[in-house]
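Note: the block below is final-v3.txt and it holds compact mmCIF, C-alpha atoms and all ligand atoms.
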# COMPACT_ATOMS: atom_id res chain seq x y z
CA MET J 1 0.27 6.42 -25.22
CA ALA J 2 2.10 6.47 -21.88
CA TRP J 3 5.29 4.34 -22.04
CA TYR J 4 4.21 2.06 -19.16
CA LYS J 5 1.08 1.02 -21.05
CA GLU J 6 3.15 -0.19 -24.02
CA TRP J 7 6.31 -1.68 -22.57
CA PHE J 8 5.10 -4.26 -20.03
CA GLY J 9 4.23 -7.06 -22.42
CA GLN J 10 5.88 -10.10 -23.97
CA ASP J 11 9.11 -8.27 -24.91
CA TYR J 12 9.55 -6.99 -21.33
CA LEU J 13 9.19 -10.55 -20.04
CA GLU J 14 11.91 -11.76 -22.35
CA LEU J 15 14.34 -8.92 -21.70
CA TYR J 16 13.89 -9.17 -17.93
CA SER J 17 13.70 -12.97 -17.78
CA HIS J 18 16.42 -12.96 -15.07
CA ARG J 19 13.89 -11.24 -12.77
CA ASP J 20 12.43 -14.63 -12.09
CA VAL J 21 10.71 -16.84 -9.55
CA ASP J 22 14.00 -17.66 -7.77
CA GLU J 23 14.58 -13.96 -7.16
CA ALA J 24 10.99 -13.58 -5.95
CA GLU J 25 11.61 -16.41 -3.45
CA ARG J 26 14.61 -14.52 -2.05
CA HIS J 27 12.44 -11.39 -1.78
CA ALA J 28 9.77 -13.43 0.01
CA ASP J 29 12.45 -14.69 2.47
CA PHE J 30 13.31 -11.05 3.15
CA VAL J 31 9.65 -10.09 3.64
CA GLU J 32 9.26 -12.89 6.17
CA ARG J 33 12.45 -11.89 8.01
CA VAL J 34 11.57 -8.20 8.17
CA LEU J 35 7.78 -8.10 8.46
CA VAL J 36 7.21 -11.27 10.45
CA GLY J 37 10.53 -11.45 12.27
CA ASP J 38 12.86 -14.32 13.03
CA ASP J 39 10.85 -15.50 16.00
CA GLY J 40 7.66 -15.48 13.89
CA ASP J 41 5.62 -13.99 16.73
CA ALA J 42 4.17 -11.08 14.73
CA PRO J 43 0.54 -11.70 13.73
CA ARG J 44 0.21 -13.04 10.20
CA PRO J 45 -1.49 -10.65 7.80
CA ASN J 46 -5.03 -11.46 6.74
CA ALA J 47 -4.61 -9.90 3.32
CA VAL J 48 -1.55 -8.86 1.31
CA LEU J 49 -1.47 -6.73 -1.85
CA ASP J 50 1.32 -7.23 -4.40
CA LEU J 51 1.08 -3.78 -5.99
CA ALA J 52 2.15 -3.74 -9.67
CA CYS J 53 2.56 -7.51 -9.51
CA GLY J 54 3.45 -8.06 -13.19
CA ALA J 55 3.26 -11.78 -13.95
CA GLY J 56 2.72 -12.47 -10.25
CA ARG J 57 6.04 -14.02 -9.24
CA HIS J 58 5.90 -12.48 -5.73
CA THR J 59 2.15 -13.10 -5.39
CA GLN J 60 2.78 -16.78 -6.04
CA ALA J 61 5.84 -17.05 -3.81
CA LEU J 62 3.94 -15.50 -0.91
CA ARG J 63 0.79 -17.56 -1.47
CA ALA J 64 2.88 -20.75 -1.47
CA ARG J 65 4.02 -19.69 2.03
CA GLY J 66 0.44 -19.29 3.22
CA TYR J 67 0.02 -15.52 2.85
CA ARG J 68 -3.36 -14.57 1.33
CA THR J 69 -1.96 -12.39 -1.45
CA LEU J 70 -3.66 -10.64 -4.33
CA GLY J 71 -1.81 -9.11 -7.29
CA LEU J 72 -2.77 -5.88 -9.04
CA ASP J 73 -1.35 -4.67 -12.33
CA LEU J 74 -2.27 -2.70 -15.44
CA SER J 75 -0.79 -5.13 -17.97
CA LEU J 76 -3.23 -7.81 -19.09
CA THR J 77 -0.40 -9.56 -20.94
CA LEU J 78 1.55 -9.95 -17.68
CA LEU J 79 -1.50 -10.74 -15.53
CA THR J 80 -2.54 -13.59 -17.83
CA GLN J 81 0.83 -15.36 -17.87
CA PRO J 82 0.66 -18.94 -16.57
CA PRO J 83 0.32 -20.22 -13.93
CA PRO J 84 -2.88 -18.45 -12.88
CA PHE J 85 -2.89 -16.54 -9.59
CA PRO J 86 -5.44 -14.30 -7.80
CA LYS J 87 -5.27 -10.88 -9.42
CA VAL J 88 -7.10 -7.69 -10.28
CA ALA J 89 -6.47 -5.43 -13.27
CA GLY J 90 -6.18 -1.82 -12.21
CA ASP J 91 -4.16 1.35 -11.92
CA ILE J 92 -1.90 1.98 -8.94
CA ARG J 93 -3.17 5.59 -8.75
CA GLU J 94 -6.75 4.50 -8.17
CA LEU J 95 -6.93 1.15 -6.45
CA PRO J 96 -10.25 -0.70 -6.78
CA PHE J 97 -10.35 -1.63 -3.08
CA ALA J 98 -12.18 -0.32 -0.03
CA ASP J 99 -10.24 1.60 2.62
CA ALA J 100 -8.21 -0.52 5.06
CA SER J 101 -8.49 -3.71 2.97
CA PHE J 102 -4.92 -4.95 3.41
CA ASP J 103 -2.45 -5.64 6.23
CA TRP J 104 0.57 -5.52 3.94
CA VAL J 105 1.14 -3.69 0.66
CA LEU J 106 4.30 -4.73 -1.19
CA ASN J 107 5.74 -2.98 -4.24
CA PHE J 108 8.70 -4.80 -5.81
CA PHE J 109 11.25 -4.06 -8.50
CA THR J 110 11.07 -0.32 -9.21
CA SER J 111 7.35 -0.11 -9.85
CA PHE J 112 7.13 3.48 -8.65
CA GLY J 113 8.06 6.83 -10.23
CA TYR J 114 6.61 6.08 -13.66
CA PHE J 115 4.32 9.13 -13.95
CA ASP J 116 5.36 12.55 -15.25
CA ASN J 117 4.83 14.51 -12.08
CA GLU J 118 5.17 14.26 -8.32
CA ARG J 119 1.44 14.62 -7.78
CA GLU J 120 0.65 11.42 -9.67
CA ASN J 121 3.58 9.45 -8.26
CA PHE J 122 2.76 10.47 -4.69
CA ARG J 123 -0.88 9.66 -5.36
CA VAL J 124 0.27 6.02 -5.38
CA LEU J 125 1.61 6.48 -1.83
CA GLU J 126 -1.74 7.97 -0.81
CA GLU J 127 -3.50 4.93 -2.23
CA ILE J 128 -1.17 2.61 -0.31
CA ALA J 129 -2.05 4.52 2.86
CA ARG J 130 -5.77 4.35 2.08
CA VAL J 131 -5.96 0.60 1.41
CA LEU J 132 -3.73 -0.31 4.38
CA ALA J 133 -5.46 -1.06 7.66
CA PRO J 134 -4.21 1.09 10.57
CA GLY J 135 -1.00 -0.59 11.74
CA GLY J 136 -0.61 -2.24 8.33
CA ARG J 137 2.89 -2.50 6.83
CA PHE J 138 4.34 -1.55 3.47
CA LEU J 139 7.51 -2.32 1.53
CA ILE J 140 8.67 -0.31 -1.50
CA ASP J 141 11.70 -1.55 -3.47
CA LEU J 142 13.40 1.06 -5.69
CA PHE J 143 16.76 1.51 -7.38
CA ASN J 144 19.34 3.63 -5.57
CA ARG J 145 19.67 6.74 -7.73
CA GLU J 146 23.33 7.74 -7.35
CA PRO J 147 25.02 4.43 -8.25
CA VAL J 148 22.47 3.85 -11.00
CA ILE J 149 23.11 7.26 -12.58
CA ALA J 150 26.90 6.91 -12.19
CA GLY J 151 26.89 3.41 -13.67
CA LEU J 152 24.52 3.93 -16.61
CA VAL J 153 25.79 2.01 -19.64
CA PRO J 154 24.91 4.33 -22.56
CA SER J 155 24.42 1.58 -25.10
CA GLU J 156 24.27 -2.18 -25.08
CA THR J 157 23.22 -4.98 -27.41
CA ARG J 158 21.71 -8.10 -25.93
CA GLU J 159 21.13 -11.42 -27.64
CA LEU J 160 17.53 -12.58 -27.52
CA ASP J 161 15.88 -15.76 -28.70
CA GLY J 162 15.90 -15.22 -32.49
CA GLY J 163 17.25 -11.67 -32.49
CA VAL J 164 18.70 -8.79 -30.51
CA ALA J 165 17.73 -5.91 -28.26
CA GLU J 166 19.58 -2.61 -28.62
CA ILE J 167 19.34 -0.57 -25.45
CA GLU J 168 20.22 3.11 -24.97
CA ARG J 169 20.30 4.61 -21.48
CA TRP J 170 20.58 8.19 -20.32
CA PHE J 171 19.86 10.38 -17.32
CA ASP J 172 17.88 13.56 -17.95
CA ASP J 173 18.83 16.02 -15.21
CA GLU J 174 16.01 18.41 -16.11
CA THR J 175 13.30 15.85 -15.42
CA ASP J 176 15.47 13.86 -12.98
CA ARG J 177 14.60 10.65 -14.78
CA VAL J 178 16.53 7.58 -15.86
CA ASN J 179 15.48 6.74 -19.40
CA LYS J 180 15.95 3.73 -21.65
CA ARG J 181 15.15 3.26 -25.30
CA ILE J 182 14.79 -0.39 -26.19
CA ARG J 183 14.81 -1.45 -29.84
CA ILE J 184 13.95 -5.08 -30.35
CA LEU J 185 14.57 -6.98 -33.57
CA THR J 186 13.26 -10.52 -33.52
CA GLY J 187 11.36 -12.69 -36.00
CA GLY J 188 11.95 -10.12 -38.77
CA ARG J 189 10.03 -7.49 -36.77
CA GLU J 190 11.31 -4.30 -35.20
CA ARG J 191 9.67 -2.41 -32.34
CA THR J 192 10.84 0.35 -30.02
CA PHE J 193 9.86 1.01 -26.41
CA VAL J 194 10.77 3.59 -23.82
CA GLU J 195 11.22 3.14 -20.08
CA SER J 196 11.35 6.34 -18.01
CA VAL J 197 11.56 6.34 -14.23
CA ARG J 198 11.86 9.29 -11.87
CA ALA J 199 15.12 8.84 -9.94
CA TYR J 200 13.78 9.57 -6.46
CA SER J 201 16.26 10.06 -3.65
CA GLU J 202 15.62 8.53 -0.24
CA PRO J 203 14.60 11.88 1.36
CA GLU J 204 12.18 12.60 -1.49
CA VAL J 205 10.40 9.28 -1.09
CA SER J 206 10.40 9.66 2.68
CA ILE J 207 8.75 13.09 2.39
CA GLY J 208 6.18 11.61 0.02
CA LEU J 209 5.44 8.84 2.50
CA ARG J 210 4.95 11.29 5.34
CA TRP J 211 2.77 13.50 3.15
CA ALA J 212 0.64 10.44 2.33
CA GLY J 213 0.21 9.63 6.04
CA LEU J 214 2.66 6.73 6.20
CA GLU J 215 5.56 6.26 8.57
CA ARG J 216 8.89 4.86 7.44
CA ASP J 217 10.45 2.48 9.96
CA ARG J 218 13.48 0.96 8.25
CA LEU J 219 15.69 1.37 5.20
CA PHE J 220 17.59 -1.45 3.53
CA GLY J 221 20.12 -1.45 0.72
CA ASP J 222 19.48 -4.96 -0.57
CA PHE J 223 17.41 -8.08 -0.02
CA ASP J 224 20.10 -9.63 2.18
CA GLY J 225 19.15 -7.03 4.77
CA ALA J 226 22.18 -4.69 4.51
CA ALA J 227 21.61 -1.16 5.79
CA PHE J 228 20.93 1.44 3.10
CA GLY J 229 23.95 3.60 2.15
CA PRO J 230 25.26 5.66 -0.78
CA GLU J 231 26.65 2.59 -2.59
CA SER J 232 23.66 0.33 -2.03
CA ASP J 233 22.14 -1.61 -4.84
CA ARG J 234 18.55 -0.91 -3.85
CA LEU J 235 16.53 1.53 -1.79
CA ILE J 236 14.04 -0.58 0.15
CA LEU J 237 11.66 1.35 2.40
CA VAL J 238 9.65 -0.46 5.05
CA GLY J 239 7.07 1.24 7.24
CA HIS J 240 3.52 1.30 8.45
CA ARG J 241 0.27 3.20 8.50
CA PRO J 242 -0.03 4.75 11.96
CA GLY J 243 -3.11 4.25 14.04
CA ALA J 244 -2.98 0.85 15.72
CA ASN J 245 -0.67 -1.96 16.73
CA ARG J 246 1.64 -3.19 13.97
CA ARG J 247 0.26 -6.05 11.93
C1 LIG B 1 9.22 -3.46 -13.46
S1 LIG B 1 7.68 -4.24 -13.51
C2 LIG B 1 7.66 -5.12 -11.99
C3 LIG B 1 6.63 -6.21 -11.92
C4 LIG B 1 6.66 -7.06 -10.65
N1 LIG B 1 6.54 -6.26 -9.45
C5 LIG B 1 7.91 -7.90 -10.60
O1 LIG B 1 8.76 -7.66 -9.74
O2 LIG B 1 8.03 -8.82 -11.43
C6 LIG B 1 6.54 -2.91 -13.26
C7 LIG B 1 5.09 -3.29 -13.27
O3 LIG B 1 4.29 -2.13 -13.04
C8 LIG B 1 3.11 -2.25 -13.82
N2 LIG B 1 2.51 -0.92 -13.99
C9 LIG B 1 3.01 0.13 -14.68
N3 LIG B 1 2.19 1.18 -14.60
C10 LIG B 1 1.13 0.79 -13.87
C11 LIG B 1 -0.06 1.44 -13.44
N4 LIG B 1 -0.31 2.70 -13.77
N5 LIG B 1 -0.93 0.73 -12.68
C12 LIG B 1 -0.68 -0.57 -12.37
N6 LIG B 1 0.44 -1.23 -12.73
C13 LIG B 1 1.33 -0.56 -13.48
C14 LIG B 1 3.60 -2.86 -15.10
O4 LIG B 1 2.57 -3.38 -15.89
C15 LIG B 1 4.61 -3.88 -14.61
O5 LIG B 1 4.02 -5.12 -14.39
As structure tokens - that is how I would like this structure written.
Amino acid sequence: MAWYKEWFGQDYLELYSHRDVDEAERHADFVERVLVGDDGDAPRPNAVLDLACGAGRHTQALRARGYRTLGLDLSLTLLTQPPPFPKVAGDIRELPFADASFDWVLNFFTSFGYFDNERENFRVLEEIARVLAPGGRFLIDLFNREPVIAGLVPSETRELDGGVAEIERWFDDETDRVNKRIRILTGGRERTFVESVRAYSEPEVSIGLRWAGLERDRLFGDFDGAAFGPESDRLILVGHRPGANRR
């Protein structure tokens, strides 16, 4: 079974528990600053898609601010975490929505580059373009490949509630992917997962966006709004679907 169908369950939630609601609130602040603007004069979106929403932390943060946001994810375990939020189960390569359904599509926390080949990964960009209304905006938040590859910690043990997680990390330069093997031992049980993400560079993603019919407007290196550069923490791409006034 594909790694992303196995890994995003209860163990993922525990290992990544620091990726929490407080962080999602900071991301929502950034979205408001960048997509709405400080003067707040940009029209508010009618519909927002939180693409690969996981347990819905961004969906909820945005809804609490009055943005009509829907989450989509493949993991039923994550989608059914409390508290409930508006969501749809589905695959990011084949979104179950009509063309031009959304004014904003937001993709947080490295939820891109999971598939084995460019065709499938870029298919996600095509789907973003399809479900965005002309003039609609997108945000894609990825890791910045060079510092991540340079800083990979080959092995680590982390304490968990009632056990440990042993994590191995490596970069495969043939497939250009950052890989992790995660062995979890809790409650007398052992299970192993893999995480494998294509380490896209900024020009590669930008070409993919253009190929999909999207236009990139701005690049950021973190959620404080710093410009993207070689040392940046994140690669955050913001742009729009051409064809009408920005939404
Ligand atoms: C790193 S998590 C990020 C979740 C969420 N955006 C957040 O910031 O908490 C990646 C998410 O992508 C989802 N995912 C992986 N493959 C998917 C697919 N093919 N279609 C839809 N969602 C997928 C996972 O289930 C998981 O929730």
Next on the checklist: If we count only C-alpha atoms and set the cut-off at 8 Å, which residues sit around stretch 56-71 of chain J, ignoring sequence neighbours fewer than 6 positions away in its own chain? Please answer as an MDAnalysis selection string.
Outcome noted: chainID J and resid 20:21 24:25 27:28 44:50 78:79 85:88
So which residues fall inside 12 Å of (9.1, -1.2, -27.4) if we count all atoms listed in the file? Mind giving them as a PDB file with C-alpha atoms, in the frame of the given file?
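And here's out01.pdb as it stands now:
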ATOM      1  CA  MET J   1       0.270   6.420 -25.220  1.00  0.00           C
ATOM      2  CA  ALA J   2       2.100   6.470 -21.880  1.00  0.00           C
ATOM      3  CA  TRP J   3       5.290   4.340 -22.040  1.00  0.00           C
ATOM      4  CA  TYR J   4       4.210   2.060 -19.160  1.00  0.00           C
ATOM      5  CA  LYS J   5       1.080   1.020 -21.050  1.00  0.00           C
ATOM      6  CA  GLU J   6       3.150  -0.190 -24.020  1.00  0.00           C
ATOM      7  CA  TRP J   7       6.310  -1.680 -22.570  1.00  0.00           C
ATOM      8  CA  PHE J   8       5.100  -4.260 -20.030  1.00  0.00           C
ATOM      9  CA  GLY J   9       4.230  -7.060 -22.420  1.00  0.00           C
ATOM     10  CA  GLN J  10       5.880 -10.100 -23.970  1.00  0.00           C
ATOM     11  CA  ASP J  11       9.110  -8.270 -24.910  1.00  0.00           C
ATOM     12  CA  TYR J  12       9.550  -6.990 -21.330  1.00  0.00           C
ATOM     13  CA  LEU J  13       9.190 -10.550 -20.040  1.00  0.00           C
ATOM     14  CA  LEU J  15      14.340  -8.920 -21.700  1.00  0.00           C
ATOM     15  CA  ALA J 165      17.730  -5.910 -28.260  1.00  0.00           C
ATOM     16  CA  GLU J 166      19.580  -2.610 -28.620  1.00  0.00           C
ATOM     17  CA  ILE J 167      19.340  -0.570 -25.450  1.00  0.00           C
ATOM     18  CA  LYS J 180      15.950   3.730 -21.650  1.00  0.00           C
ATOM     19  CA  ARG J 181      15.150   3.260 -25.300  1.00  0.00           C
ATOM     20  CA  ILE J 182      14.790  -0.390 -26.190  1.00  0.00           C
ATOM     21  CA  ARG J 183      14.810  -1.450 -29.840  1.00  0.00           C
ATOM     22  CA  ILE J 184      13.950  -5.080 -30.350  1.00  0.00           C
ATOM     23  CA  LEU J 185      14.570  -6.980 -33.570  1.00  0.00           C
ATOM     24  CA  THR J 186      13.260 -10.520 -33.520  1.00  0.00           C
ATOM     25  CA  ARG J 189      10.030  -7.490 -36.770  1.00  0.00           C
ATOM     26  CA  GLU J 190      11.310  -4.300 -35.200  1.00  0.00           C
ATOM     27  CA  ARG J 191       9.670  -2.410 -32.340  1.00  0.00           C
ATOM     28  CA  THR J 192      10.840   0.350 -30.020  1.00  0.00           C
ATOM     29  CA  PHE J 193       9.860   1.010 -26.410  1.00  0.00           C
ATOM     30  CA  VAL J 194      10.770   3.590 -23.820  1.00  0.00           C
ATOM     31  CA  GLU J 195      11.220   3.140 -20.080  1.00  0.00           C
TER      32      GLU J 195
END
Next on the checklist: Calculated over all atoms listed in the file, which of the candidates J:Ala100, J:Val31, J:Val36, J:Cys53 has the smallest distance to ligand LIG 1 (chain B)?
Outcome noted: J:Cys53
Using only C-alpha atoms and all ligand atoms, tabulate the residues of chain J lying at most 7 Å from any atom of ligand LIG 1 (chain B), each with its closest atom pair and that distance in Å to one decimal, by chain and increasing residue number, as a Markdown table.
| residue | atom | partner | partner_atom | distance |
| --- | --- | --- | --- | --- |
| J:Tyr4 | CA | B:LIG1 | C9 | 5.0 |
| J:Lys5 | CA | B:LIG1 | N3 | 6.5 |
| J:Phe8 | CA | B:LIG1 | O4 | 4.9 |
| J:Arg19 | CA | B:LIG1 | O2 | 6.5 |
| J:Leu51 | CA | B:LIG1 | N1 | 6.9 |
| J:Ala52 | CA | B:LIG1 | O3 | 4.3 |
| J:Cys53 | CA | B:LIG1 | N1 | 4.2 |
| J:Gly54 | CA | B:LIG1 | O5 | 3.2 |
| J:Ala55 | CA | B:LIG1 | O2 | 6.2 |
| J:Gly56 | CA | B:LIG1 | O2 | 6.6 |
| J:Arg57 | CA | B:LIG1 | O2 | 6.0 |
| J:His58 | CA | B:LIG1 | O1 | 6.9 |
| J:Leu72 | CA | B:LIG1 | C12 | 6.6 |
| J:Asp73 | CA | B:LIG1 | N6 | 3.9 |
| J:Leu74 | CA | B:LIG1 | C12 | 4.1 |
| J:Ser75 | CA | B:LIG1 | O4 | 4.3 |
| J:Leu78 | CA | B:LIG1 | O5 | 6.3 |
| J:Gly90 | CA | B:LIG1 | C12 | 5.6 |
| J:Asp91 | CA | B:LIG1 | N5 | 3.4 |
| J:Ile92 | CA | B:LIG1 | N5 | 4.1 |
| J:Arg93 | CA | B:LIG1 | N4 | 6.5 |
| J:Asn107 | CA | B:LIG1 | N1 | 6.2 |
| J:Phe108 | CA | B:LIG1 | N1 | 4.5 |
| J:Phe109 | CA | B:LIG1 | O1 | 4.5 |
| J:Thr110 | CA | B:LIG1 | C1 | 5.6 |
| J:Ser111 | CA | B:LIG1 | C6 | 4.5 |
| J:Tyr114 | CA | B:LIG1 | N3 | 6.7 |
Item to check | Separation of atom CA of J:Gly37 from atom CA of J:Asn144 in Å | outcome: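 Those two atoms sit 25.0 Å apart.
Distance annotation: of J:Arg216, J:Trp170, J:Phe30, J:Glu120, the residue with the minimal separation from J:Ser155 is J:Trp170; atom set is all atoms listed in the file.
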Checklist entry - What is the atom CA of J:Val34 to atom CA of J:Arg241 distance in Å? => result 16.1 Å
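Note that the spacing between atom CA of J:Leu152 and atom CA of J:Arg234 amounts to 14.9 Å.
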Checklist entry - Which residue out of J:Ser206, J:Gly188, J:Asp103, J:Pro242 has the minimum interatomic distance to J:Gly162 when only C-alpha atoms are used? => result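 Closest to J:Gly162 of all the choices is J:Gly188.
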Checklist outcome for this item: In terms of only C-alpha atoms, the residue from J:Ala212, J:Glu156, J:Ala244, J:Glu126 at minimal distance from J:Glu168 is J:Glu156
Next on the checklist: Which residues are near J:Gly151? Cut-off 12 Å, all atoms listed in the file, ignore same chain within fewer than 2 positions. Put them as number ranges by chain.
Outcome noted: J: 144-149, 153-155, 169-171, 178, 231, 233
